[in-house]
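Written out below as structure tokens is the structure these notes cover.
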Amino acid sequence: METPPVTPEPDPEPRRYGRGLFLATVAGGVSSLYWGKAAWSRVSGVVSPVAGALVPILPTGGWRIYTVSGSMPVFDPATWRLSVGGMVDKPVSLGYDELRALPRVEQVSNFHCVTGWTVQNVTWGGVRMSDLLSLVSPQPAAHALRFISMEKPYVDYLTLQQATLHDVMLAYEMEGKPLPQEHGAPLRLIIPEMYGYKNVKWLERIELIPQPGSGYWEQLGYDRDAWVGRSNGYGT
Amino acid sequence: MKAGYVRRFSRVERLLHWVNALGFFFLLATGLILYLPSLSVLVARRQLIQDMHFWSGVAWLGALALVLLFGVRRFVRTARELESFDRDDLRWLRGGKAPQGRFNAGQKINAALTAAFTILFGVSGLLLWFGERDTRYRFASTVILHDGLMYVSLALLVGHLYLALIHPATRHALRGMTVGTVSEEWAKRHHSKWRPEPQ
């Protein structure tokens, strides 16, 4: 038998690179659910000088604003008051200026949201919870606090022990300026050890009560003790 | 069809493109309200916007699936074209002049990425939604994936809009995606290996 003369193939069968690219992208994206956050914090750590310059340009500054009702509470300095009551010997109602006359502290802490985002090194100014509590003299049977927001029906709770952790504060300043509306003006709770939903915004009332209840998000299934990295399905 | 014009995109192909585009812009708008603090302040109805974002995302994926199913035979052929890279495509990608088929190599890459991103947007979006309700679906990186996809998609979109609307050599292609036809002369210049199907 004779072999037919070989004609050179002008172009080999096209390769399915497109399918490969598609599958690799899907696989890379899905697997990033496991490595994305670690990779991102490493990258932002390595390029921190660049990121430091970049983050202010990023339109969000890393924040995302959550509200639960139709409109954002508006702060009116003339009418706003923080009332602290419940199981206390000396209930108080403080106006904005009275609040700022209390001993002022400043702290830099990280803010973690349960949905995965984090804003690092936020500067807060305000008053320590312990300073406020010494003003009202809680009764011995009070073991928890209820934080009531101007945004209805947002409410959340802390135990007295949690509320008096060394870095828990009521902040009326953020980054050296009065707290902006979207961050809870004029006053919000800051508890850096716990996820953002415990950091009640637009505070108007604090009540001392016997035991903590379930706050807004806790009634929807989130943990009461929202320790960062150790609750809500993380680190368990 | 006007003389001197050839059909580049069939009706179902155009439908798929515009369903995708419409959904993308709506999701981008509602997504940015959720994402950008300044817009969040302006609109403030987060729960409503979040519901709109989620359900329009579901509708978007559903509509895409319906169109794909409806034109399945056409799309199997289109997908073949899109996934195949020959030597000319590789040469073209390296910046050389090389004859191209109905899709050039850049369009093929864009198509593969867009399809993959659609799936990833869907997966990460569903996880965000269900993660809010059940810790089993909660991953610390979901939001990073969803945001990252947005940034990369936005970059692709900007390039796509530039080529489709502004760049003089390529903007004629927009016609192909609206009325379906492009001029034969343009097709020969940009897609010389493409043999338009007889009508």
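Each chain in the structure tokens gets a letter, A, B and so on, in the order shown; residues start at 1 in every chain, and ligands are counted from 1 in the order they appear.
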
Open item on the list: Excluding Leu163 (chain B) and its own-chain neighbours fewer than 6 positions away, which residues fall within 10 Å of it when counting only C-alpha atoms? Please give them as a ChimeraX atom specification.
Closed with: /B:157,169-174

Based on the backbone DSSP call, show me all residues of chain B assigned alpha helix (DSSP H), as a PDB file with C-alpha atoms, in the first residue's frame.
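The result, stored in out13.pdb:
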```
ATOM      1  CA  ARG B  11     -32.363  37.763  17.263  1.00  0.00           C
ATOM      2  CA  VAL B  12     -31.784  35.497  20.277  1.00  0.00           C
ATOM      3  CA  GLU B  13     -28.155  36.572  20.509  1.00  0.00           C
ATOM      4  CA  ARG B  14     -29.197  40.206  20.636  1.00  0.00           C
ATOM      5  CA  LEU B  15     -31.941  39.398  23.113  1.00  0.00           C
ATOM      6  CA  LEU B  16     -29.396  37.695  25.384  1.00  0.00           C
ATOM      7  CA  HIS B  17     -27.082  40.686  25.159  1.00  0.00           C
ATOM      8  CA  TRP B  18     -29.758  43.241  26.016  1.00  0.00           C
ATOM      9  CA  VAL B  19     -31.342  41.206  28.786  1.00  0.00           C
ATOM     10  CA  ASN B  20     -27.877  40.945  30.271  1.00  0.00           C
ATOM     11  CA  ALA B  21     -27.176  44.649  29.808  1.00  0.00           C
ATOM     12  CA  LEU B  22     -30.503  45.773  31.254  1.00  0.00           C
ATOM     13  CA  GLY B  23     -30.139  43.509  34.276  1.00  0.00           C
ATOM     14  CA  PHE B  24     -26.553  44.561  34.824  1.00  0.00           C
ATOM     15  CA  PHE B  25     -27.328  48.280  34.856  1.00  0.00           C
ATOM     16  CA  PHE B  26     -30.277  47.862  37.190  1.00  0.00           C
ATOM     17  CA  LEU B  27     -28.226  45.707  39.552  1.00  0.00           C
ATOM     18  CA  LEU B  28     -25.337  48.145  39.363  1.00  0.00           C
ATOM     19  CA  ALA B  29     -27.590  51.068  40.281  1.00  0.00           C
ATOM     20  CA  THR B  30     -29.300  49.345  43.193  1.00  0.00           C
ATOM     21  CA  GLY B  31     -26.018  47.750  44.261  1.00  0.00           C
ATOM     22  CA  LEU B  32     -24.227  51.086  44.391  1.00  0.00           C
ATOM     23  CA  ILE B  33     -26.960  52.510  46.621  1.00  0.00           C
ATOM     24  CA  LEU B  34     -26.274  49.654  49.026  1.00  0.00           C
ATOM     25  CA  TYR B  35     -22.507  50.040  48.678  1.00  0.00           C
ATOM     26  CA  PRO B  37     -22.379  55.551  51.972  1.00  0.00           C
ATOM     27  CA  SER B  38     -23.217  58.835  50.241  1.00  0.00           C
ATOM     28  CA  LEU B  39     -25.958  57.154  48.191  1.00  0.00           C
ATOM     29  CA  SER B  40     -27.143  55.156  51.209  1.00  0.00           C
ATOM     30  CA  VAL B  41     -27.718  58.436  53.034  1.00  0.00           C
ATOM     31  CA  LEU B  42     -29.592  59.875  50.082  1.00  0.00           C
ATOM     32  CA  VAL B  43     -31.946  56.947  49.655  1.00  0.00           C
ATOM     33  CA  ARG B  46     -31.968  49.992  52.629  1.00  0.00           C
ATOM     34  CA  GLN B  47     -34.379  47.110  53.143  1.00  0.00           C
ATOM     35  CA  LEU B  48     -36.402  48.067  50.079  1.00  0.00           C
ATOM     36  CA  ILE B  49     -33.330  48.592  47.890  1.00  0.00           C
ATOM     37  CA  GLN B  50     -31.865  45.326  49.114  1.00  0.00           C
ATOM     38  CA  ASP B  51     -35.061  43.478  48.204  1.00  0.00           C
ATOM     39  CA  MET B  52     -35.097  45.160  44.786  1.00  0.00           C
ATOM     40  CA  HIS B  53     -31.448  44.259  44.233  1.00  0.00           C
ATOM     41  CA  PHE B  54     -31.921  40.651  45.235  1.00  0.00           C
ATOM     42  CA  TRP B  55     -35.135  39.965  43.340  1.00  0.00           C
ATOM     43  CA  SER B  56     -33.957  41.746  40.204  1.00  0.00           C
ATOM     44  CA  GLY B  57     -30.819  39.602  40.415  1.00  0.00           C
ATOM     45  CA  VAL B  58     -32.969  36.494  40.564  1.00  0.00           C
ATOM     46  CA  ALA B  59     -35.068  37.770  37.651  1.00  0.00           C
ATOM     47  CA  TRP B  60     -31.908  38.591  35.681  1.00  0.00           C
ATOM     48  CA  LEU B  61     -30.493  35.077  36.084  1.00  0.00           C
ATOM     49  CA  GLY B  62     -33.888  33.567  35.313  1.00  0.00           C
ATOM     50  CA  ALA B  63     -34.338  35.666  32.174  1.00  0.00           C
ATOM     51  CA  LEU B  64     -30.839  34.810  30.949  1.00  0.00           C
ATOM     52  CA  ALA B  65     -31.540  31.125  31.508  1.00  0.00           C
ATOM     53  CA  LEU B  66     -34.849  31.390  29.642  1.00  0.00           C
ATOM     54  CA  VAL B  67     -33.285  33.116  26.640  1.00  0.00           C
ATOM     55  CA  LEU B  68     -30.468  30.562  26.566  1.00  0.00           C
ATOM     56  CA  LEU B  69     -32.957  27.724  26.720  1.00  0.00           C
ATOM     57  CA  PHE B  70     -35.162  29.302  24.079  1.00  0.00           C
ATOM     58  CA  VAL B  72     -30.331  26.628  22.774  1.00  0.00           C
ATOM     59  CA  ARG B  73     -29.370  25.362  19.316  1.00  0.00           C
ATOM     60  CA  ARG B  74     -28.127  28.731  18.226  1.00  0.00           C
ATOM     61  CA  PHE B  75     -26.213  29.250  21.473  1.00  0.00           C
ATOM     62  CA  VAL B  76     -24.441  25.910  21.315  1.00  0.00           C
ATOM     63  CA  ARG B  77     -22.980  27.035  17.988  1.00  0.00           C
ATOM     64  CA  THR B  78     -22.201  30.508  19.313  1.00  0.00           C
ATOM     65  CA  ALA B  79     -20.487  29.038  22.360  1.00  0.00           C
ATOM     66  CA  ARG B  80     -18.352  26.841  20.073  1.00  0.00           C
ATOM     67  CA  GLU B  81     -17.235  29.921  18.200  1.00  0.00           C
ATOM     68  CA  LEU B  82     -16.534  31.819  21.396  1.00  0.00           C
ATOM     69  CA  GLU B  83     -14.492  29.151  23.123  1.00  0.00           C
ATOM     70  CA  ARG B  87      -3.341  30.369  15.911  1.00  0.00           C
ATOM     71  CA  ASP B  88      -4.580  33.640  14.465  1.00  0.00           C
ATOM     72  CA  ASP B  89      -6.388  34.424  17.695  1.00  0.00           C
ATOM     73  CA  LEU B  90      -3.236  33.867  19.718  1.00  0.00           C
ATOM     74  CA  ARG B  91      -1.268  36.018  17.296  1.00  0.00           C
ATOM     75  CA  TRP B  92      -3.942  38.726  17.521  1.00  0.00           C
ATOM     76  CA  LEU B  93      -3.744  38.680  21.318  1.00  0.00           C
ATOM     77  CA  ALA B 105     -10.002  37.026  20.396  1.00  0.00           C
ATOM     78  CA  GLY B 106     -10.678  39.926  22.747  1.00  0.00           C
ATOM     79  CA  GLN B 107     -14.410  39.455  22.384  1.00  0.00           C
ATOM     80  CA  LYS B 108     -13.969  35.757  23.114  1.00  0.00           C
ATOM     81  CA  ILE B 109     -12.132  36.525  26.350  1.00  0.00           C
ATOM     82  CA  ASN B 110     -14.751  39.101  27.304  1.00  0.00           C
ATOM     83  CA  ALA B 111     -17.517  36.571  26.676  1.00  0.00           C
ATOM     84  CA  ALA B 112     -15.836  33.857  28.797  1.00  0.00           C
ATOM     85  CA  LEU B 113     -15.257  36.288  31.677  1.00  0.00           C
ATOM     86  CA  THR B 114     -18.746  37.784  31.467  1.00  0.00           C
ATOM     87  CA  ALA B 115     -20.339  34.336  31.587  1.00  0.00           C
ATOM     88  CA  ALA B 116     -18.156  33.284  34.521  1.00  0.00           C
ATOM     89  CA  PHE B 117     -18.851  36.531  36.386  1.00  0.00           C
ATOM     90  CA  THR B 118     -22.597  36.070  35.928  1.00  0.00           C
ATOM     91  CA  ILE B 119     -22.393  32.732  37.672  1.00  0.00           C
ATOM     92  CA  LEU B 120     -20.127  34.105  40.413  1.00  0.00           C
ATOM     93  CA  PHE B 121     -22.370  37.140  40.960  1.00  0.00           C
ATOM     94  CA  GLY B 122     -25.279  34.720  41.309  1.00  0.00           C
ATOM     95  CA  VAL B 123     -23.478  32.381  43.701  1.00  0.00           C
ATOM     96  CA  SER B 124     -22.083  35.141  45.926  1.00  0.00           C
ATOM     97  CA  GLY B 125     -25.365  37.088  45.842  1.00  0.00           C
ATOM     98  CA  LEU B 126     -27.393  34.049  46.901  1.00  0.00           C
ATOM     99  CA  LEU B 127     -24.873  33.337  49.665  1.00  0.00           C
ATOM    100  CA  LEU B 128     -25.156  36.923  50.934  1.00  0.00           C
ATOM    101  CA  TRP B 129     -28.937  36.622  50.940  1.00  0.00           C
ATOM    102  CA  PHE B 130     -29.111  33.233  52.631  1.00  0.00           C
ATOM    103  CA  GLY B 131     -26.147  34.004  54.877  1.00  0.00           C
ATOM    104  CA  THR B 142     -18.502  36.355  50.156  1.00  0.00           C
ATOM    105  CA  VAL B 143     -18.748  40.119  50.269  1.00  0.00           C
ATOM    106  CA  ILE B 144     -15.156  40.470  49.004  1.00  0.00           C
ATOM    107  CA  LEU B 145     -15.968  38.245  46.030  1.00  0.00           C
ATOM    108  CA  HIS B 146     -19.185  40.127  45.236  1.00  0.00           C
ATOM    109  CA  ASP B 147     -17.462  43.530  45.479  1.00  0.00           C
ATOM    110  CA  GLY B 148     -14.401  42.362  43.558  1.00  0.00           C
ATOM    111  CA  LEU B 149     -16.605  41.091  40.724  1.00  0.00           C
ATOM    112  CA  MET B 150     -18.281  44.491  40.629  1.00  0.00           C
ATOM    113  CA  TYR B 151     -14.967  46.301  40.260  1.00  0.00           C
ATOM    114  CA  VAL B 152     -13.647  43.993  37.530  1.00  0.00           C
ATOM    115  CA  SER B 153     -16.977  44.016  35.685  1.00  0.00           C
ATOM    116  CA  LEU B 154     -17.063  47.779  35.821  1.00  0.00           C
ATOM    117  CA  ALA B 155     -13.596  47.927  34.240  1.00  0.00           C
ATOM    118  CA  LEU B 156     -14.682  45.511  31.499  1.00  0.00           C
ATOM    119  CA  LEU B 157     -17.841  47.540  30.953  1.00  0.00           C
ATOM    120  CA  VAL B 158     -15.934  50.791  30.561  1.00  0.00           C
ATOM    121  CA  GLY B 159     -13.683  49.179  27.935  1.00  0.00           C
ATOM    122  CA  HIS B 160     -16.701  47.626  26.224  1.00  0.00           C
ATOM    123  CA  LEU B 161     -18.591  50.934  26.081  1.00  0.00           C
ATOM    124  CA  ALA B 173     -20.148  47.052  15.606  1.00  0.00           C
ATOM    125  CA  LEU B 174     -22.915  48.576  17.752  1.00  0.00           C
ATOM    126  CA  ARG B 175     -25.189  48.264  14.713  1.00  0.00           C
ATOM    127  CA  GLY B 176     -24.659  44.539  14.767  1.00  0.00           C
ATOM    128  CA  MET B 177     -25.987  44.388  18.310  1.00  0.00           C
ATOM    129  CA  THR B 178     -28.968  46.689  17.684  1.00  0.00           C
ATOM    130  CA  GLU B 184     -19.975  43.899   4.467  1.00  0.00           C
ATOM    131  CA  GLU B 185     -16.992  46.105   3.898  1.00  0.00           C
ATOM    132  CA  TRP B 186     -16.457  46.653   7.646  1.00  0.00           C
ATOM    133  CA  ALA B 187     -16.867  42.937   8.281  1.00  0.00           C
ATOM    134  CA  LYS B 188     -14.195  42.117   5.699  1.00  0.00           C
ATOM    135  CA  ARG B 189     -11.808  44.562   7.275  1.00  0.00           C
ATOM    136  CA  HIS B 190     -12.297  43.483  10.896  1.00  0.00           C
TER     137      HIS B 190
END
```

Task: Residues near Thr181 (chain B), cut-off 8 Å, only C-alpha atoms, skip fewer than 5 positions along chain, as a VMD selection string - done: chain B and resid 1 5 to 9 175 to 176

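Considering only C-alpha atoms, the residue among A:Gly62, A:Gly235, A:Pro192, A:Pro91 positioned nearest to Ser137 (chain A) is A:Pro91.
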
Could you pull the residues within 9 Å of Trp217 (chain A), counting only C-alpha atoms, minus those fewer than 6 positions along the same chain, as a CSV table (one decimal) with C-alpha atoms, in the first residue's frame?
```csv
chain,number,residue,atom,x,y,z
A,154,TYR,CA,-33.8,49.0,66.3
A,155,VAL,CA,-32.8,47.9,69.8
A,156,ASP,CA,-29.9,45.9,71.2
A,197,TYR,CA,-24.9,45.2,64.7
A,198,LYS,CA,-24.2,45.5,68.4
A,223,ASP,CA,-26.0,35.7,68.0
A,224,ARG,CA,-26.6,37.8,71.2
```

Task: For chain A, the nearest of the candidates B:Tyr162, B:Phe103, B:Trp194, B:Tyr137, counting only C-alpha atoms - done: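 Under the stated criterion, the closest residue is B:Tyr137.
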
Contacts of chain A with chain B up to 9 Å, shortest pair per row, only C-alpha atoms, as CSV:
```
residue,atom,partner,partner_atom,distance
A:Asp11,CA,B:Arg87,CA,6.9
A:Pro12,CA,B:Asp86,CA,7.5
A:Glu13,CA,B:Asp86,CA,7.2
A:Pro14,CA,B:Asp86,CA,4.3
A:Arg15,CA,B:Phe85,CA,5.2
A:Arg16,CA,B:Ser84,CA,4.6
A:Tyr17,CA,B:Glu83,CA,6.0
A:Gly18,CA,B:Glu83,CA,3.8
A:Arg19,CA,B:Glu83,CA,5.3
A:Gly20,CA,B:Glu83,CA,8.2
A:Leu21,CA,B:Ala112,CA,6.4
A:Phe22,CA,B:Ala112,CA,4.9
A:Leu23,CA,B:Ala116,CA,7.3
A:Ala24,CA,B:Ala116,CA,8.7
A:Thr25,CA,B:Ala116,CA,6.1
A:Val26,CA,B:Ala116,CA,5.4
A:Gly29,CA,B:Leu120,CA,6.4
A:Val30,CA,B:Leu120,CA,7.0
A:Ser32,CA,B:Ser141,CA,7.0
A:Leu33,CA,B:Ser141,CA,4.9
A:Tyr34,CA,B:Ser141,CA,6.8
A:Trp35,CA,B:Ser141,CA,7.3
A:Gly36,CA,B:Ser141,CA,5.2
A:Lys37,CA,B:Ser141,CA,4.9
A:Ala38,CA,B:Ser141,CA,8.3
A:Trp40,CA,B:Ile144,CA,8.2
A:Pro59,CA,B:Leu36,CA,6.5
A:Thr60,CA,B:Leu36,CA,5.3
A:Gly61,CA,B:Pro37,CA,8.7
A:Trp63,CA,B:Pro37,CA,6.9
A:Arg64,CA,B:Tyr35,CA,5.7
A:Ile65,CA,B:Pro37,CA,5.6
A:Tyr66,CA,B:Arg46,CA,6.7
A:Thr67,CA,B:Arg46,CA,5.8
A:Val68,CA,B:Gln47,CA,6.2
A:Ser69,CA,B:Arg45,CA,6.5
A:Gly70,CA,B:Arg45,CA,4.6
A:Ser71,CA,B:Ala44,CA,5.4
A:Met72,CA,B:Ala44,CA,5.9
A:Val114,CA,B:Ala140,CA,7.9
A:Thr115,CA,B:Ala140,CA,6.6
A:Gly116,CA,B:Ala140,CA,4.5
A:Trp117,CA,B:Val143,CA,7.1
A:Gln181,CA,B:Val41,CA,8.0
A:Glu182,CA,B:Val41,CA,6.1
A:Leu220,CA,B:Arg133,CA,7.1
A:Gly221,CA,B:Arg133,CA,6.7
A:Tyr222,CA,B:Arg133,CA,8.3
A:Asn232,CA,B:Thr135,CA,6.0
A:Gly233,CA,B:Thr135,CA,5.1
A:Tyr234,CA,B:Phe139,CA,7.9
```

Restricting the output to N, CA and C atoms, write the selected residues as a short mmCIF file (atom, residue, chain, number, x, y, z; two decimals), in the first residue's frame.
```
data_model
loop_
_atom_site.label_atom_id
_atom_site.label_comp_id
_atom_site.auth_asym_id
_atom_site.auth_seq_id
_atom_site.Cartn_x
_atom_site.Cartn_y
_atom_site.Cartn_z
N ASP A 11 -3.58 24.88 9.86
CA ASP A 11 -3.92 25.38 11.18
C ASP A 11 -4.46 24.22 11.97
N PRO A 12 -3.86 23.89 13.09
CA PRO A 12 -4.39 22.78 13.87
C PRO A 12 -5.77 23.11 14.40
N GLU A 13 -6.44 22.07 14.84
CA GLU A 13 -7.77 22.23 15.45
C GLU A 13 -7.72 23.35 16.49
N PRO A 14 -8.64 24.30 16.42
CA PRO A 14 -8.62 25.38 17.42
C PRO A 14 -8.73 24.81 18.84
N ARG A 15 -8.08 25.46 19.76
CA ARG A 15 -8.14 25.00 21.15
C ARG A 15 -9.29 25.69 21.87
N ARG A 16 -9.87 24.95 22.83
CA ARG A 16 -11.01 25.51 23.57
C ARG A 16 -10.52 26.31 24.79
N TYR A 17 -9.70 27.29 24.52
CA TYR A 17 -9.20 28.10 25.64
C TYR A 17 -10.32 28.87 26.33
N GLY A 18 -11.34 29.24 25.56
CA GLY A 18 -12.44 30.01 26.14
C GLY A 18 -13.13 29.24 27.25
N ARG A 19 -13.36 27.94 26.98
CA ARG A 19 -13.99 27.10 28.00
C ARG A 19 -13.10 27.01 29.23
N GLY A 20 -11.79 26.87 28.98
CA GLY A 20 -10.83 26.80 30.08
C GLY A 20 -10.85 28.06 30.92
N LEU A 21 -10.85 29.20 30.25
CA LEU A 21 -10.87 30.48 30.96
C LEU A 21 -12.14 30.61 31.79
N PHE A 22 -13.27 30.22 31.19
CA PHE A 22 -14.56 30.29 31.89
C PHE A 22 -14.53 29.42 33.15
N LEU A 23 -14.11 28.15 32.97
CA LEU A 23 -14.13 27.23 34.11
C LEU A 23 -13.13 27.66 35.19
N ALA A 24 -11.97 28.13 34.75
CA ALA A 24 -10.95 28.55 35.73
C ALA A 24 -11.44 29.76 36.52
N THR A 25 -12.12 30.68 35.84
CA THR A 25 -12.62 31.86 36.54
C THR A 25 -13.69 31.48 37.55
N VAL A 26 -14.61 30.60 37.13
CA VAL A 26 -15.65 30.16 38.07
C VAL A 26 -15.00 29.45 39.27
N GLY A 29 -13.19 31.89 41.50
CA GLY A 29 -14.13 32.72 42.24
C GLY A 29 -14.78 31.96 43.39
N VAL A 30 -15.24 30.75 43.10
CA VAL A 30 -15.91 29.98 44.16
C VAL A 30 -14.92 29.64 45.27
N SER A 32 -12.45 31.30 46.16
CA SER A 32 -12.06 32.50 46.92
C SER A 32 -12.94 32.69 48.14
N LEU A 33 -14.09 32.00 48.20
CA LEU A 33 -14.90 32.05 49.41
C LEU A 33 -14.08 31.56 50.61
N TYR A 34 -13.08 30.71 50.33
CA TYR A 34 -12.26 30.19 51.41
C TYR A 34 -10.98 30.99 51.63
N TRP A 35 -10.44 31.60 50.56
CA TRP A 35 -9.17 32.30 50.74
C TRP A 35 -9.23 33.80 50.51
N GLY A 36 -10.40 34.29 50.07
CA GLY A 36 -10.50 35.69 49.68
C GLY A 36 -10.13 36.67 50.75
N LYS A 37 -10.71 36.47 51.94
CA LYS A 37 -10.49 37.45 53.00
C LYS A 37 -9.02 37.45 53.44
N ALA A 38 -8.45 36.23 53.61
CA ALA A 38 -7.05 36.13 54.02
C ALA A 38 -6.15 36.78 52.98
N TRP A 40 -6.94 39.05 50.82
CA TRP A 40 -7.17 40.49 50.78
C TRP A 40 -6.45 41.20 51.93
N PRO A 59 -14.53 55.16 47.11
CA PRO A 59 -15.71 55.96 47.44
C PRO A 59 -16.32 55.63 48.79
N THR A 60 -16.05 54.45 49.33
CA THR A 60 -16.75 54.05 50.54
C THR A 60 -15.93 54.27 51.80
N GLY A 61 -14.60 54.40 51.66
CA GLY A 61 -13.76 54.39 52.84
C GLY A 61 -13.83 53.05 53.57
N TRP A 63 -16.62 51.59 54.44
CA TRP A 63 -17.88 51.48 55.20
C TRP A 63 -19.04 51.10 54.29
N ARG A 64 -20.01 50.49 54.90
CA ARG A 64 -21.28 50.24 54.25
C ARG A 64 -22.34 50.63 55.27
N ILE A 65 -23.35 51.32 54.81
CA ILE A 65 -24.32 51.87 55.75
C ILE A 65 -25.56 51.00 55.81
N TYR A 66 -25.87 50.51 56.99
CA TYR A 66 -27.06 49.69 57.15
C TYR A 66 -28.13 50.44 57.92
N THR A 67 -29.33 50.39 57.39
CA THR A 67 -30.46 50.90 58.12
C THR A 67 -31.54 49.83 58.09
N VAL A 68 -32.49 49.92 59.00
CA VAL A 68 -33.54 48.90 59.01
C VAL A 68 -34.91 49.50 58.73
N SER A 69 -34.99 50.81 58.69
CA SER A 69 -36.30 51.41 58.48
C SER A 69 -36.27 52.29 57.24
N GLY A 70 -37.38 52.93 56.97
CA GLY A 70 -37.51 53.67 55.73
C GLY A 70 -36.70 54.94 55.66
N SER A 71 -36.38 55.53 56.78
CA SER A 71 -35.65 56.79 56.70
C SER A 71 -34.60 56.85 57.79
N MET A 72 -33.59 57.65 57.56
CA MET A 72 -32.48 57.75 58.50
C MET A 72 -32.80 58.83 59.53
N VAL A 114 -20.50 41.73 60.47
CA VAL A 114 -20.74 40.29 60.42
C VAL A 114 -20.79 39.78 58.98
N THR A 115 -21.05 40.68 58.03
CA THR A 115 -21.09 40.23 56.64
C THR A 115 -19.70 40.11 56.03
N GLY A 116 -18.65 40.48 56.76
CA GLY A 116 -17.31 40.19 56.28
C GLY A 116 -16.41 41.40 56.08
N TRP A 117 -16.96 42.60 56.02
CA TRP A 117 -16.08 43.74 55.80
C TRP A 117 -15.57 44.31 57.12
N GLN A 181 -24.23 61.68 60.13
CA GLN A 181 -25.59 61.10 60.22
C GLN A 181 -25.61 59.60 59.94
N GLU A 182 -24.92 59.21 58.85
CA GLU A 182 -25.01 57.80 58.46
C GLU A 182 -24.31 56.88 59.44
N LEU A 220 -33.70 37.92 64.39
CA LEU A 220 -33.64 37.35 63.05
C LEU A 220 -32.57 36.27 62.96
N GLY A 221 -32.09 35.80 64.09
CA GLY A 221 -31.21 34.64 64.08
C GLY A 221 -29.74 34.89 64.35
N TYR A 222 -29.36 36.15 64.54
CA TYR A 222 -27.94 36.41 64.85
C TYR A 222 -27.68 36.22 66.34
N ASN A 232 -21.76 33.70 65.32
CA ASN A 232 -22.46 33.80 64.04
C ASN A 232 -21.89 32.86 62.97
N GLY A 233 -21.44 31.69 63.42
CA GLY A 233 -20.94 30.71 62.45
C GLY A 233 -19.48 30.84 62.12
N TYR A 234 -18.84 31.88 62.58
CA TYR A 234 -17.39 32.03 62.33
C TYR A 234 -16.62 31.37 63.48
#
```

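When the distance limit is 12 Å and only C-alpha atoms are what count, the residues near Trp80 (chain A), minus those fewer than 2 positions from it on the same chain, are Pro73, Val74, Phe75, Asp76, Pro77, Ala78, Leu82, Ser83, Ser93, Leu94, Gly95, Tyr96, Asp97, Glu98, Leu99, Ser149, Met150, Ala185, Pro186, Leu187, Trp202, Leu203, Glu204 and Arg205 of chain A.
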
Task: Counting only C-alpha atoms, the residue of A:Gly86, A:Gly229, A:Pro180, A:Gly213 that sits nearest Ala142 (chain A) - done: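 Of the candidates, the smallest distance to Ala142 (chain A) is held by A:Gly86.
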
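Pairwise distance (CA of Ala101 (chain A), CA of Trp124 (chain A)) equals 16.3 Å.
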
Open item on the list: Just the number, please: distance in Å from CA of Val182 (chain B) to CA of Arg94 (chain B), one decimal.
Closed with: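 CA of Arg94 (chain B) lies at a distance of 26.4 Å from CA of Val182 (chain B).
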